[in-house]
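Enquirer: Contents are PDB, N, CA and C atoms; file name protein.pdb:
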ATOM      1  N   PRO A1354      59.046  36.315 137.326
ATOM      2  CA  PRO A1354      59.716  35.274 136.554
ATOM      3  C   PRO A1354      59.849  35.677 135.095
ATOM      4  N   ARG A1355      60.965  35.366 134.543
ATOM      5  CA  ARG A1355      61.224  35.640 133.131
ATOM      6  C   ARG A1355      62.260  34.656 132.616
ATOM      7  N   PRO A1356      62.335  34.466 131.306
ATOM      8  CA  PRO A1356      63.236  33.442 130.769
ATOM      9  C   PRO A1356      64.710  33.837 130.763
ATOM     10  N   TYR A1357      65.014  35.142 130.848
ATOM     11  CA  TYR A1357      66.412  35.575 130.812
ATOM     12  C   TYR A1357      66.548  36.947 131.463
ATOM     13  N   CYS A1358      67.778  37.306 131.829
ATOM     14  CA  CYS A1358      68.062  38.597 132.449
ATOM     15  C   CYS A1358      67.938  39.701 131.395
ATOM     16  N   PRO A1359      67.156  40.764 131.663
ATOM     17  CA  PRO A1359      66.997  41.825 130.670
ATOM     18  C   PRO A1359      68.263  42.668 130.488
ATOM     19  N   ARG A1360      69.207  42.576 131.425
ATOM     20  CA  ARG A1360      70.441  43.371 131.325
ATOM     21  C   ARG A1360      71.541  42.650 130.550
ATOM     22  N   CYS A1361      71.767  41.358 130.900
ATOM     23  CA  CYS A1361      72.888  40.633 130.284
ATOM     24  C   CYS A1361      72.443  39.477 129.395
ATOM     25  N   LEU A1362      71.134  39.202 129.356
ATOM     26  CA  LEU A1362      70.528  38.134 128.557
ATOM     27  C   LEU A1362      70.893  36.727 129.026
ATOM     28  N   SER A1363      71.455  36.605 130.218
ATOM     29  CA  SER A1363      71.783  35.290 130.765
ATOM     30  C   SER A1363      70.501  34.526 131.086
ATOM     31  N   GLU A1364      70.538  33.218 130.857
ATOM     32  CA  GLU A1364      69.415  32.351 131.212
ATOM     33  C   GLU A1364      69.650  31.675 132.556
ATOM     34  N   ALA A1365      70.770  31.979 133.212
ATOM     35  CA  ALA A1365      71.122  31.367 134.496
ATOM     36  C   ALA A1365      70.455  32.146 135.632
ATOM     37  N   LEU A1366      69.144  31.992 135.763
ATOM     38  CA  LEU A1366      68.379  32.697 136.785
ATOM     39  C   LEU A1366      68.051  31.753 137.928
ATOM     40  N   THR A1367      67.896  32.320 139.128
ATOM     41  CA  THR A1367      67.515  31.525 140.297
ATOM     42  C   THR A1367      66.391  32.232 141.034
ATOM     43  N   TRP A1368      65.600  31.457 141.782
ATOM     44  CA  TRP A1368      64.535  32.007 142.612
ATOM     45  C   TRP A1368      65.153  32.527 143.900
ATOM     46  N   THR A1369      64.655  33.657 144.395
ATOM     47  CA  THR A1369      65.113  34.239 145.648
ATOM     48  C   THR A1369      63.899  34.533 146.514
ATOM     49  N   ALA A1370      63.934  34.076 147.761
ATOM     50  CA  ALA A1370      62.824  34.351 148.685
ATOM     51  C   ALA A1370      62.820  35.833 149.058
ATOM     52  N   VAL A1371      61.632  36.405 149.197
ATOM     53  CA  VAL A1371      61.484  37.798 149.617
ATOM     54  C   VAL A1371      60.533  37.857 150.810
ATOM     55  N   SER A1372      60.542  38.989 151.491
ATOM     56  CA  SER A1372      59.770  39.147 152.729
ATOM     57  C   SER A1372      58.266  39.275 152.500
ATOM     58  N   GLY A1373      57.864  39.747 151.328
ATOM     59  CA  GLY A1373      56.446  40.003 151.084
ATOM     60  C   GLY A1373      56.010  41.370 151.575
ATOM     61  N   ARG A1374      56.974  42.180 151.995
ATOM     62  CA  ARG A1374      56.670  43.542 152.455
ATOM     63  C   ARG A1374      57.257  44.549 151.472
ATOM     64  N   GLY A1375      56.568  45.689 151.350
ATOM     65  CA  GLY A1375      57.062  46.725 150.461
ATOM     66  C   GLY A1375      56.285  48.010 150.639
ATOM     67  N   ARG A1376      56.410  48.889 149.648
ATOM     68  CA  ARG A1376      55.718  50.175 149.655
ATOM     69  C   ARG A1376      55.147  50.433 148.266
ATOM     70  N   VAL A1377      54.029  51.137 148.238
ATOM     71  CA  VAL A1377      53.428  51.504 146.957
ATOM     72  C   VAL A1377      54.367  52.493 146.268
ATOM     73  N   TYR A1378      54.831  52.127 145.084
ATOM     74  CA  TYR A1378      55.727  52.986 144.308
ATOM     75  C   TYR A1378      54.906  53.983 143.483
ATOM     76  N   THR A1379      53.851  53.477 142.849
ATOM     77  CA  THR A1379      52.902  54.304 142.113
ATOM     78  C   THR A1379      51.610  53.507 141.950
ATOM     79  N   TYR A1380      50.529  54.179 141.622
ATOM     80  CA  TYR A1380      49.247  53.474 141.491
ATOM     81  C   TYR A1380      48.260  54.306 140.682
ATOM     82  N   THR A1381      47.190  53.654 140.277
ATOM     83  CA  THR A1381      46.059  54.338 139.670
ATOM     84  C   THR A1381      44.788  53.619 140.107
ATOM     85  N   ILE A1382      43.709  54.346 140.152
ATOM     86  CA  ILE A1382      42.416  53.744 140.467
ATOM     87  C   ILE A1382      41.694  53.488 139.145
ATOM     88  N   VAL A1383      41.398  52.228 138.880
ATOM     89  CA  VAL A1383      40.701  51.840 137.652
ATOM     90  C   VAL A1383      39.204  51.922 137.933
ATOM     91  N   ARG A1384      38.521  52.769 137.189
ATOM     92  CA  ARG A1384      37.094  52.988 137.422
ATOM     93  C   ARG A1384      36.215  52.434 136.300
ATOM     94  N   ARG A1385      36.842  52.011 135.203
ATOM     95  CA  ARG A1385      36.093  51.480 134.062
ATOM     96  C   ARG A1385      36.691  50.139 133.662
ATOM     97  N   ALA A1386      35.876  49.115 133.693
ATOM     98  CA  ALA A1386      36.358  47.773 133.362
ATOM     99  C   ALA A1386      36.777  47.713 131.897
ATOM    100  N   MET A1387      37.961  47.155 131.662
ATOM    101  CA  MET A1387      38.459  46.998 130.298
ATOM    102  C   MET A1387      37.952  45.702 129.665
ATOM    103  N   HIS A1388      37.331  44.856 130.480
ATOM    104  CA  HIS A1388      36.791  43.584 130.000
ATOM    105  C   HIS A1388      35.551  43.284 130.836
ATOM    106  N   PRO A1389      34.509  42.711 130.252
ATOM    107  CA  PRO A1389      33.287  42.418 131.009
ATOM    108  C   PRO A1389      33.519  41.574 132.266
ATOM    109  N   ALA A1390      34.543  40.746 132.267
ATOM    110  CA  ALA A1390      34.817  39.897 133.430
ATOM    111  C   ALA A1390      35.182  40.710 134.665
ATOM    112  N   PHE A1391      35.626  41.952 134.480
ATOM    113  CA  PHE A1391      36.040  42.790 135.605
ATOM    114  C   PHE A1391      34.984  43.818 135.995
ATOM    115  N   GLN A1392      33.813  43.763 135.385
ATOM    116  CA  GLN A1392      32.772  44.761 135.631
ATOM    117  C   GLN A1392      32.405  44.883 137.105
ATOM    118  N   LEU A1393      32.370  43.769 137.818
ATOM    119  CA  LEU A1393      31.999  43.805 139.238
ATOM    120  C   LEU A1393      33.165  44.191 140.140
ATOM    121  N   GLU A1394      34.363  44.315 139.580
ATOM    122  CA  GLU A1394      35.556  44.623 140.376
ATOM    123  C   GLU A1394      35.846  46.115 140.490
ATOM    124  N   VAL A1395      35.320  46.924 139.591
ATOM    125  CA  VAL A1395      35.643  48.351 139.605
ATOM    126  C   VAL A1395      34.887  49.070 140.710
ATOM    127  N   PRO A1396      35.473  50.082 141.329
ATOM    128  CA  PRO A1396      36.842  50.531 141.123
ATOM    129  C   PRO A1396      37.837  49.626 141.860
ATOM    130  N   TYR A1397      39.049  49.520 141.304
ATOM    131  CA  TYR A1397      40.111  48.773 141.971
ATOM    132  C   TYR A1397      41.436  49.498 141.762
ATOM    133  N   VAL A1398      42.408  49.157 142.582
ATOM    134  CA  VAL A1398      43.710  49.816 142.530
ATOM    135  C   VAL A1398      44.708  48.935 141.791
ATOM    136  N   PHE A1399      45.269  49.462 140.718
ATOM    137  CA  PHE A1399      46.398  48.835 140.044
ATOM    138  C   PHE A1399      47.633  49.582 140.522
ATOM    139  N   ALA A1400      48.630  48.853 141.002
ATOM    140  CA  ALA A1400      49.800  49.502 141.590
ATOM    141  C   ALA A1400      51.093  48.817 141.187
ATOM    142  N   ILE A1401      52.161  49.554 141.339
ATOM    143  CA  ILE A1401      53.502  48.979 141.303
ATOM    144  C   ILE A1401      54.013  49.085 142.729
ATOM    145  N   VAL A1402      54.346  47.924 143.305
ATOM    146  CA  VAL A1402      54.851  47.863 144.672
ATOM    147  C   VAL A1402      56.339  47.565 144.612
ATOM    148  N   GLU A1403      57.115  48.369 145.339
ATOM    149  CA  GLU A1403      58.547  48.117 145.455
ATOM    150  C   GLU A1403      58.773  47.296 146.714
ATOM    151  N   LEU A1404      59.258  46.081 146.538
ATOM    152  CA  LEU A1404      59.515  45.200 147.670
ATOM    153  C   LEU A1404      60.701  45.706 148.478
ATOM    154  N   GLU A1405      60.769  45.337 149.756
ATOM    155  CA  GLU A1405      61.887  45.742 150.609
ATOM    156  C   GLU A1405      63.222  45.347 149.998
ATOM    157  N   GLU A1406      63.224  44.242 149.266
ATOM    158  CA  GLU A1406      64.457  43.737 148.673
ATOM    159  C   GLU A1406      64.834  44.441 147.372
ATOM    160  N   GLY A1407      63.960  45.316 146.858
ATOM    161  CA  GLY A1407      64.287  46.099 145.677
ATOM    162  C   GLY A1407      63.440  45.886 144.447
ATOM    163  N   PRO A1408      63.082  44.644 144.089
ATOM    164  CA  PRO A1408      62.281  44.463 142.871
ATOM    165  C   PRO A1408      60.915  45.146 142.968
ATOM    166  N   ARG A1409      60.386  45.509 141.825
ATOM    167  CA  ARG A1409      59.047  46.101 141.745
ATOM    168  C   ARG A1409      58.124  45.114 141.045
ATOM    169  N   VAL A1410      56.892  45.011 141.553
ATOM    170  CA  VAL A1410      55.914  44.093 140.979
ATOM    171  C   VAL A1410      54.621  44.836 140.661
ATOM    172  N   GLU A1411      53.986  44.447 139.557
ATOM    173  CA  GLU A1411      52.675  44.983 139.191
ATOM    174  C   GLU A1411      51.629  44.155 139.916
ATOM    175  N   THR A1412      50.655  44.819 140.536
ATOM    176  CA  THR A1412      49.737  44.118 141.419
ATOM    177  C   THR A1412      48.484  44.944 141.659
ATOM    178  N   ASN A1413      47.638  44.454 142.539
ATOM    179  CA  ASN A1413      46.478  45.200 143.030
ATOM    180  C   ASN A1413      46.649  45.427 144.518
ATOM    181  N   VAL A1414      46.148  46.559 145.003
ATOM    182  CA  VAL A1414      46.095  46.821 146.443
ATOM    183  C   VAL A1414      44.658  46.587 146.868
ATOM    184  N   VAL A1415      44.474  45.724 147.862
ATOM    185  CA  VAL A1415      43.151  45.346 148.356
ATOM    186  C   VAL A1415      43.095  45.605 149.858
ATOM    187  N   GLY A1416      41.915  45.444 150.435
ATOM    188  CA  GLY A1416      41.788  45.559 151.881
ATOM    189  C   GLY A1416      41.634  46.969 152.398
ATOM    190  N   CYS A1417      41.408  47.922 151.500
ATOM    191  CA  CYS A1417      41.151  49.306 151.906
ATOM    192  C   CYS A1417      40.416  49.994 150.758
ATOM    193  N   ALA A1418      39.845  51.137 151.046
ATOM    194  CA  ALA A1418      39.171  51.904 149.991
ATOM    195  C   ALA A1418      40.214  52.392 148.990
ATOM    196  N   PRO A1419      39.915  52.355 147.697
ATOM    197  CA  PRO A1419      40.883  52.836 146.712
ATOM    198  C   PRO A1419      41.394  54.247 147.013
ATOM    199  N   GLU A1420      40.532  55.099 147.538
ATOM    200  CA  GLU A1420      40.914  56.483 147.826
ATOM    201  C   GLU A1420      41.902  56.589 148.983
ATOM    202  N   ASP A1421      42.073  55.522 149.770
ATOM    203  CA  ASP A1421      43.005  55.545 150.901
ATOM    204  C   ASP A1421      44.424  55.151 150.515
ATOM    205  N   VAL A1422      44.621  54.647 149.310
ATOM    206  CA  VAL A1422      45.959  54.234 148.874
ATOM    207  C   VAL A1422      46.801  55.478 148.610
ATOM    208  N   ARG A1423      48.068  55.425 149.015
ATOM    209  CA  ARG A1423      48.999  56.533 148.835
ATOM    210  C   ARG A1423      50.357  56.003 148.391
ATOM    211  N   VAL A1424      51.098  56.817 147.654
ATOM    212  CA  VAL A1424      52.484  56.494 147.329
ATOM    213  C   VAL A1424      53.258  56.404 148.640
ATOM    214  N   GLU A1425      54.147  55.423 148.737
ATOM    215  CA  GLU A1425      54.963  55.138 149.927
ATOM    216  C   GLU A1425      54.191  54.418 151.036
ATOM    217  N   MET A1426      52.922  54.091 150.806
ATOM    218  CA  MET A1426      52.152  53.370 151.817
ATOM    219  C   MET A1426      52.761  51.982 152.023
ATOM    220  N   PRO A1427      53.034  51.590 153.284
ATOM    221  CA  PRO A1427      53.551  50.242 153.541
ATOM    222  C   PRO A1427      52.476  49.195 153.260
ATOM    223  N   VAL A1428      52.879  48.119 152.596
ATOM    224  CA  VAL A1428      51.952  47.043 152.244
ATOM    225  C   VAL A1428      52.600  45.688 152.498
ATOM    226  N   LYS A1429      51.739  44.661 152.574
ATOM    227  CA  LYS A1429      52.232  43.290 152.731
ATOM    228  C   LYS A1429      51.481  42.389 151.760
ATOM    229  N   ALA A1430      52.143  41.318 151.360
ATOM    230  CA  ALA A1430      51.585  40.406 150.365
ATOM    231  C   ALA A1430      50.436  39.586 150.926
ATOM    232  N   VAL A1431      49.426  39.386 150.099
ATOM    233  CA  VAL A1431      48.325  38.458 150.376
ATOM    234  C   VAL A1431      48.053  37.716 149.070
ATOM    235  N   TYR A1432      47.422  36.563 149.177
ATOM    236  CA  TYR A1432      47.139  35.771 147.980
ATOM    237  C   TYR A1432      45.641  35.593 147.820
ATOM    238  N   ASP A1433      45.173  35.825 146.614
ATOM    239  CA  ASP A1433      43.766  35.687 146.265
ATOM    240  C   ASP A1433      43.641  34.432 145.406
ATOM    241  N   MET A1434      42.978  33.408 145.941
ATOM    242  CA  MET A1434      42.812  32.155 145.201
ATOM    243  C   MET A1434      41.626  32.277 144.245
ATOM    244  N   THR A1435      41.854  32.003 142.983
ATOM    245  CA  THR A1435      40.786  32.047 141.987
ATOM    246  C   THR A1435      40.016  30.731 141.996
ATOM    247  N   THR A1436      38.884  30.718 141.330
ATOM    248  CA  THR A1436      38.097  29.482 141.249
ATOM    249  C   THR A1436      38.842  28.403 140.474
ATOM    250  N   ALA A1437      39.821  28.796 139.662
ATOM    251  CA  ALA A1437      40.626  27.829 138.904
ATOM    252  C   ALA A1437      41.803  27.307 139.729
ATOM    253  N   GLY A1438      41.896  27.747 141.006
ATOM    254  CA  GLY A1438      42.977  27.281 141.864
ATOM    255  C   GLY A1438      44.295  28.004 141.656
ATOM    256  N   ILE A1439      44.255  29.160 141.036
ATOM    257  CA  ILE A1439      45.460  29.954 140.802
ATOM    258  C   ILE A1439      45.565  31.013 141.894
ATOM    259  N   ALA A1440      46.750  31.162 142.485
ATOM    260  CA  ALA A1440      46.977  32.165 143.526
ATOM    261  C   ALA A1440      47.464  33.459 142.879
ATOM    262  N   LEU A1441      46.711  34.544 143.072
ATOM    263  CA  LEU A1441      47.098  35.851 142.553
ATOM    264  C   LEU A1441      47.756  36.649 143.669
ATOM    265  N   LEU A1442      48.951  37.167 143.409
ATOM    266  CA  LEU A1442      49.658  37.994 144.386
ATOM    267  C   LEU A1442      49.035  39.380 144.399
ATOM    268  N   LYS A1443      48.587  39.788 145.575
ATOM    269  CA  LYS A1443      48.045  41.132 145.773
ATOM    270  C   LYS A1443      48.668  41.678 147.049
ATOM    271  N   PHE A1444      48.411  42.939 147.356
ATOM    272  CA  PHE A1444      48.966  43.548 148.560
ATOM    273  C   PHE A1444      47.867  44.272 149.316
ATOM    274  N   GLU A1445      48.015  44.326 150.646
ATOM    275  CA  GLU A1445      47.091  45.055 151.511
ATOM    276  C   GLU A1445      47.905  45.950 152.429
ATOM    277  N   PRO A1446      47.268  46.970 153.028
ATOM    278  CA  PRO A1446      48.009  47.838 153.940
ATOM    279  C   PRO A1446      48.661  47.022 155.055
ATOM    280  N   ALA A1447      49.897  47.401 155.381
ATOM    281  CA  ALA A1447      50.633  46.679 156.437
ATOM    282  C   ALA A1447      50.255  47.209 157.805
TER     283      ALA A1447
END
What does this structure look like when you write it as structure tokens?
Expert:
Amino acid sequence: PRPYCPRCLSEALTWTAVSGRGRVYTYTIVRRAMHPAFQLEVPYVFAIVELEEGPRVETNVVGCAPEDVRVEMPVKAVYDMTTAGIALLKFEPA
């Protein structure tokens, strides 16, 4: 979501449903927490996933060892509910 189109600056944007399936476009394994709140989460995978429909999203890959993640790996969307009731979009191996 964004307030305007980065190409034409139009504010006439609409929501489009997507399949929730994609492939890992690129990734890195984070081994050092950048904030104390993430100390128990390391190591974790930060990735850019290219959805089947084309858009790319910044996310985490979960449900497998970080060392098992590969570029082009098929993934599917999962949601991680936080204690504040916020759903975080993440991906797991398909």
Enquirer: How many Å separate atom N of Val1424 in chain A from atom C of Ile1401 in chain A?
Expert: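 Atom-to-atom, atom N of Val1424 in chain A to atom C of Ile1401 in chain A, that is 9.6 Å.
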Enquirer: For this structure, which residues satisfy the selection - the PyMOL selection byres ((chain A and resi 1412) around 6) - when it is evaluated on the file as given? I want them as a short mmCIF file (atom, residue, chain, number, x, y, z; two decimals) with N, CA and C atoms, keeping the file's coordinate frame.
Expert:
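Saved to result_10.cif:
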data_model
loop_
_atom_site.label_atom_id
_atom_site.label_comp_id
_atom_site.auth_asym_id
_atom_site.auth_seq_id
_atom_site.Cartn_x
_atom_site.Cartn_y
_atom_site.Cartn_z
N VAL A 1398 42.41 49.16 142.58
CA VAL A 1398 43.71 49.82 142.53
C VAL A 1398 44.71 48.94 141.79
N PHE A 1399 45.27 49.46 140.72
CA PHE A 1399 46.40 48.84 140.04
C PHE A 1399 47.63 49.58 140.52
N ALA A 1400 48.63 48.85 141.00
CA ALA A 1400 49.80 49.50 141.59
C ALA A 1400 51.09 48.82 141.19
N ILE A 1401 52.16 49.55 141.34
CA ILE A 1401 53.50 48.98 141.30
C ILE A 1401 54.01 49.08 142.73
N VAL A 1402 54.35 47.92 143.30
CA VAL A 1402 54.85 47.86 144.67
C VAL A 1402 56.34 47.56 144.61
N VAL A 1410 56.89 45.01 141.55
CA VAL A 1410 55.91 44.09 140.98
C VAL A 1410 54.62 44.84 140.66
N GLU A 1411 53.99 44.45 139.56
CA GLU A 1411 52.68 44.98 139.19
C GLU A 1411 51.63 44.16 139.92
N ASN A 1413 47.64 44.45 142.54
CA ASN A 1413 46.48 45.20 143.03
C ASN A 1413 46.65 45.43 144.52
N VAL A 1414 46.15 46.56 145.00
CA VAL A 1414 46.10 46.82 146.44
C VAL A 1414 44.66 46.59 146.87
N LEU A 1442 48.95 37.17 143.41
CA LEU A 1442 49.66 37.99 144.39
C LEU A 1442 49.04 39.38 144.40
N LYS A 1443 48.59 39.79 145.57
CA LYS A 1443 48.04 41.13 145.77
C LYS A 1443 48.67 41.68 147.05
#
Enquirer: As a ChimeraX atom specification, list the residues of chain A assigned to strand (DSSP E) by DSSP on the backbone atoms of this structure.
Expert: /A:1374-1383,1397-1404,1409-1414,1427-1434,1440-1446
Enquirer: Identify the residues around (64.4, 42.9, 152.4) within a radius of 6 Å, measuring from only N, CA and C atoms in the coordinates stated by the file, and give them as a VMD selection string.
Expert: chain A and resid 1372 1405 to 1406
Enquirer: Could you tell me how far CA of Arg1385 in chain A sits from CA of Glu1425 in chain A, in Å to one decimal place?
Expert: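 Atom-to-atom, CA of Glu1425 in chain A to CA of Arg1385 in chain A, that is 24.9 Å.
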Enquirer: Rounded to one decimal, what separation in Å do you get between CA of Cys1358 in chain A and CA of Arg1409 in chain A?
Expert: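 Calculated distance between CA of Cys1358 in chain A and CA of Arg1409 in chain A is 15.0 Å.
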Enquirer: Pick out the closest residue to Val1428 in chain A from this set: A:Pro1359, A:Gly1407, A:Pro1446, A:Pro1396. Count only N, CA and C atoms.
Expert: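 Once distances to Val1428 in chain A are computed over only N, CA and C atoms, the minimum belongs to A:Pro1446.
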